[in-house]
Each structure stands twice: as C-alpha cells, then as structure tokens.
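Since the structure comes first, as structure tokens, the remarks are kept for the end.
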Amino acid sequence: MLVAYLKYRRAAERTWRETPMRHVDNDRWAGAFTLAAAGRYRYTIEALAEPFRSWLADLEKRHAGGQDLASALGEGLALIRAAAERATAAADRKALAAYADR
C-alpha cells in the first residue's frame, strides 16, 4: 500500500511543509494546502510504500480466507518493534513497545 504527501513551500523558502494526500481511486490521489501569503510557491508529491498498512491489508485478506495467522502476526509484531526503535519521541516509543507487549 502507498501513502502520499503533498509537499510545498514558498519559492524563497528552503524548508518544505507537507500534508497527507488521500487516495481517490485506482492511481488518483487528492491533496490541498492553504497559501499563507501571496507569492510564488513550489510543490511536489512524494509517495512511498507503507509497510504497516500493507501488512494490515494482507492480514485482513488472510483472516477472511481462513488462513493460519501465526506467521503474519509475527511479521506485524516485528514491524511494531522496529517502529518503536525508530521512534524519536519517548511517548511514541513507550506506546509502541506497550502495544507490542500486548
């Protein structure tokens, strides 16, 4: 599964801001941003694979098909633990670790 972000900045700025886009259908996405001031803006779209959402969609299909979920649940646990290790905020790290422990 993919996620997409609309990235934008004023032409004179160096720092990009971003807002999530929403999937419309098939290969179409939609997004918007509010102009803070008049002037020229630059924008781009960034899309990337989202491993957790991909795993979740696969898990739902396996569950609906009556398949054994032990392996798939182990993969999900590994994704959650890896996210906890990457988390920069202590509260996020703690919440993800607690979720993995459950």
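Scheme for the structure tokens: letters A, B, ... for chains in order shown; per-chain residue numbers from 1; ligand numbers from 1 in order shown.
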Hey, what does DSSP flag as strand (DSSP E) within chain A? Can you give it to me as a list of chain:residue names?
A:Leu2, A:Val3, A:Ala4, A:Tyr5, A:Leu6, A:Lys7, A:Tyr8, A:Arg9, A:Arg10, A:Arg17, A:Glu18, A:Thr19, A:Pro20, A:Arg22, A:His23, A:Val24, A:Asp25, A:Arg28, A:Trp29, A:Ala30, A:Tyr41, A:Arg42, A:Tyr43, A:Thr44, A:Ile45, A:Glu46, A:Ala47, A:Leu48, A:Ala49
Store the residues of this selection in a file with N, CA, C and O atoms, as an mmCIF file, in the first residue's frame.
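Result saved to part27.cif:
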```cif
data_model
loop_
_atom_site.group_PDB
_atom_site.id
_atom_site.type_symbol
_atom_site.label_atom_id
_atom_site.label_comp_id
_atom_site.auth_asym_id
_atom_site.auth_seq_id
_atom_site.Cartn_x
_atom_site.Cartn_y
_atom_site.Cartn_z
ATOM 1 N N LEU A 2 0.375 2.274 -0.613
ATOM 2 C CA LEU A 2 1.111 3.525 -0.704
ATOM 3 C C LEU A 2 0.492 4.593 0.184
ATOM 4 O O LEU A 2 -0.699 4.558 0.472
ATOM 5 N N VAL A 3 1.306 5.530 0.590
ATOM 6 C CA VAL A 3 0.850 6.783 1.184
ATOM 7 C C VAL A 3 1.481 7.885 0.350
ATOM 8 O O VAL A 3 2.535 7.697 -0.266
ATOM 9 N N ALA A 4 0.813 9.024 0.303
ATOM 10 C CA ALA A 4 1.331 10.134 -0.497
ATOM 11 C C ALA A 4 1.226 11.421 0.307
ATOM 12 O O ALA A 4 0.310 11.599 1.119
ATOM 13 N N TYR A 5 2.171 12.314 0.050
ATOM 14 C CA TYR A 5 2.213 13.610 0.725
ATOM 15 C C TYR A 5 2.376 14.702 -0.321
ATOM 16 O O TYR A 5 3.139 14.554 -1.272
ATOM 17 N N LEU A 6 1.665 15.783 -0.121
ATOM 18 C CA LEU A 6 1.830 16.980 -0.929
ATOM 19 C C LEU A 6 2.807 17.861 -0.170
ATOM 20 O O LEU A 6 2.548 18.262 0.970
ATOM 21 N N LYS A 7 3.959 18.112 -0.767
ATOM 22 C CA LYS A 7 4.991 18.935 -0.132
ATOM 23 C C LYS A 7 5.002 20.294 -0.820
ATOM 24 O O LYS A 7 4.908 20.365 -2.040
ATOM 25 N N TYR A 8 5.116 21.348 -0.044
ATOM 26 C CA TYR A 8 5.045 22.688 -0.610
ATOM 27 C C TYR A 8 5.886 23.668 0.198
ATOM 28 O O TYR A 8 6.207 23.425 1.356
ATOM 29 N N ARG A 9 6.253 24.759 -0.466
ATOM 30 C CA ARG A 9 6.987 25.848 0.205
ATOM 31 C C ARG A 9 6.893 27.082 -0.650
ATOM 32 O O ARG A 9 6.653 27.012 -1.851
ATOM 33 N N ARG A 10 7.078 28.229 -0.030
ATOM 34 C CA ARG A 10 7.195 29.465 -0.800
ATOM 35 C C ARG A 10 8.490 29.381 -1.591
ATOM 36 O O ARG A 10 9.461 28.778 -1.153
ATOM 37 N N ARG A 17 7.056 22.083 3.686
ATOM 38 C CA ARG A 17 5.972 21.657 4.574
ATOM 39 C C ARG A 17 5.278 20.511 3.852
ATOM 40 O O ARG A 17 5.386 20.382 2.647
ATOM 41 N N GLU A 18 4.546 19.713 4.590
ATOM 42 C CA GLU A 18 3.849 18.626 3.914
ATOM 43 C C GLU A 18 2.491 18.378 4.544
ATOM 44 O O GLU A 18 2.274 18.668 5.720
ATOM 45 N N THR A 19 1.602 17.863 3.741
ATOM 46 C CA THR A 19 0.278 17.482 4.189
ATOM 47 C C THR A 19 -0.074 16.154 3.530
ATOM 48 O O THR A 19 0.287 15.928 2.371
ATOM 49 N N PRO A 20 -0.743 15.267 4.260
ATOM 50 C CA PRO A 20 -1.069 13.971 3.653
ATOM 51 C C PRO A 20 -2.088 14.124 2.525
ATOM 52 O O PRO A 20 -2.939 15.012 2.557
ATOM 53 N N ARG A 22 -5.040 12.077 0.083
ATOM 54 C CA ARG A 22 -5.980 10.976 0.251
ATOM 55 C C ARG A 22 -6.130 10.234 -1.060
ATOM 56 O O ARG A 22 -6.117 10.843 -2.129
ATOM 57 N N HIS A 23 -6.258 8.937 -0.946
ATOM 58 C CA HIS A 23 -6.432 8.088 -2.120
ATOM 59 C C HIS A 23 -7.858 8.259 -2.622
ATOM 60 O O HIS A 23 -8.809 8.139 -1.864
ATOM 61 N N VAL A 24 -8.011 8.560 -3.905
ATOM 62 C CA VAL A 24 -9.334 8.745 -4.504
ATOM 63 C C VAL A 24 -9.805 7.422 -5.098
ATOM 64 O O VAL A 24 -10.841 6.886 -4.714
ATOM 65 N N ASP A 25 -9.084 6.910 -6.057
ATOM 66 C CA ASP A 25 -9.349 5.604 -6.640
ATOM 67 C C ASP A 25 -8.201 5.240 -7.569
ATOM 68 O O ASP A 25 -7.465 6.103 -8.026
ATOM 69 N N ARG A 28 -5.353 7.604 -8.561
ATOM 70 C CA ARG A 28 -5.633 9.033 -8.341
ATOM 71 C C ARG A 28 -5.592 9.369 -6.856
ATOM 72 O O ARG A 28 -6.125 8.643 -6.028
ATOM 73 N N TRP A 29 -4.935 10.481 -6.566
ATOM 74 C CA TRP A 29 -4.805 10.986 -5.208
ATOM 75 C C TRP A 29 -5.235 12.445 -5.201
ATOM 76 O O TRP A 29 -5.173 13.129 -6.223
ATOM 77 N N ALA A 30 -5.653 12.944 -4.041
ATOM 78 C CA ALA A 30 -6.053 14.345 -3.914
ATOM 79 C C ALA A 30 -5.398 14.940 -2.667
ATOM 80 O O ALA A 30 -5.208 14.261 -1.659
ATOM 81 N N TYR A 41 4.809 29.726 -5.152
ATOM 82 C CA TYR A 41 5.009 28.528 -4.352
ATOM 83 C C TYR A 41 5.544 27.408 -5.236
ATOM 84 O O TYR A 41 5.291 27.373 -6.429
ATOM 85 N N ARG A 42 6.254 26.515 -4.625
ATOM 86 C CA ARG A 42 6.699 25.300 -5.301
ATOM 87 C C ARG A 42 6.019 24.141 -4.584
ATOM 88 O O ARG A 42 5.806 24.183 -3.375
ATOM 89 N N TYR A 43 5.694 23.121 -5.339
ATOM 90 C CA TYR A 43 5.114 21.945 -4.716
ATOM 91 C C TYR A 43 5.566 20.694 -5.451
ATOM 92 O O TYR A 43 5.990 20.743 -6.599
ATOM 93 N N THR A 44 5.482 19.597 -4.750
ATOM 94 C CA THR A 44 5.815 18.296 -5.313
ATOM 95 C C THR A 44 5.021 17.249 -4.558
ATOM 96 O O THR A 44 4.448 17.519 -3.506
ATOM 97 N N ILE A 45 4.982 16.077 -5.111
ATOM 98 C CA ILE A 45 4.278 14.964 -4.473
ATOM 99 C C ILE A 45 5.294 13.877 -4.169
ATOM 100 O O ILE A 45 6.139 13.550 -4.992
ATOM 101 N N GLU A 46 5.193 13.337 -2.984
ATOM 102 C CA GLU A 46 6.060 12.233 -2.581
ATOM 103 C C GLU A 46 5.175 11.055 -2.200
ATOM 104 O O GLU A 46 4.258 11.200 -1.394
ATOM 105 N N ALA A 47 5.424 9.915 -2.798
ATOM 106 C CA ALA A 47 4.678 8.702 -2.468
ATOM 107 C C ALA A 47 5.664 7.616 -2.072
ATOM 108 O O ALA A 47 6.762 7.543 -2.612
ATOM 109 N N LEU A 48 5.258 6.804 -1.119
ATOM 110 C CA LEU A 48 6.123 5.730 -0.685
ATOM 111 C C LEU A 48 5.296 4.577 -0.144
ATOM 112 O O LEU A 48 4.142 4.748 0.234
ATOM 113 N N ALA A 49 5.897 3.423 -0.155
ATOM 114 C CA ALA A 49 5.232 2.234 0.382
ATOM 115 C C ALA A 49 5.090 2.385 1.890
ATOM 116 O O ALA A 49 5.971 2.919 2.560
#
```
Range 10-64 of chain A residues near range 78-83 of chain A within 9 Å, closest pair each, using only C-alpha atoms, as JSON lines:
```
{"residue": "A:Pro51", "atom": "CA", "partner": "A:Leu79", "partner_atom": "CA", "distance": 7.8}
{"residue": "A:Phe52", "atom": "CA", "partner": "A:Leu79", "partner_atom": "CA", "distance": 6.7}
{"residue": "A:Trp55", "atom": "CA", "partner": "A:Leu79", "partner_atom": "CA", "distance": 8.8}
```
Take the residues just selected and output them with C-alpha atoms as an mmCIF file, in the first residue's frame.
```cif
data_model
loop_
_atom_site.group_PDB
_atom_site.id
_atom_site.type_symbol
_atom_site.label_atom_id
_atom_site.label_comp_id
_atom_site.auth_asym_id
_atom_site.auth_seq_id
_atom_site.Cartn_x
_atom_site.Cartn_y
_atom_site.Cartn_z
ATOM 1 C CA PRO A 51 4.778 -1.412 5.285
ATOM 2 C CA PHE A 52 2.347 -1.480 8.230
ATOM 3 C CA TRP A 55 0.800 -5.833 6.294
#
```
Kindly indicate which residue among A:Ala95, A:Glu60, A:Met21, A:Ala87 lies nearest to Leu73 in chain A, using only C-alpha atoms for the distances.
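Using only C-alpha atoms, Leu73 in chain A sits closest to A:Glu60.
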Non-local contacts of Asp101 in chain A (9 Å; only C-alpha atoms; under 4 positions in same chain excluded) as a list in words:
Leu77, Leu96 and Ala97 of chain A
Could you save those same residues with C-alpha atoms as a PDB file, in the first residue's frame?
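That gives us selection_9.pdb:
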```pdb
ATOM      1  CA  LEU A  77       4.968  -7.683  15.716  1.00  0.00           C
ATOM      2  CA  LEU A  96       4.625   1.180  20.539  1.00  0.00           C
ATOM      3  CA  ALA A  97       6.561  -1.025  22.959  1.00  0.00           C
TER       4      ALA A  97
END
```
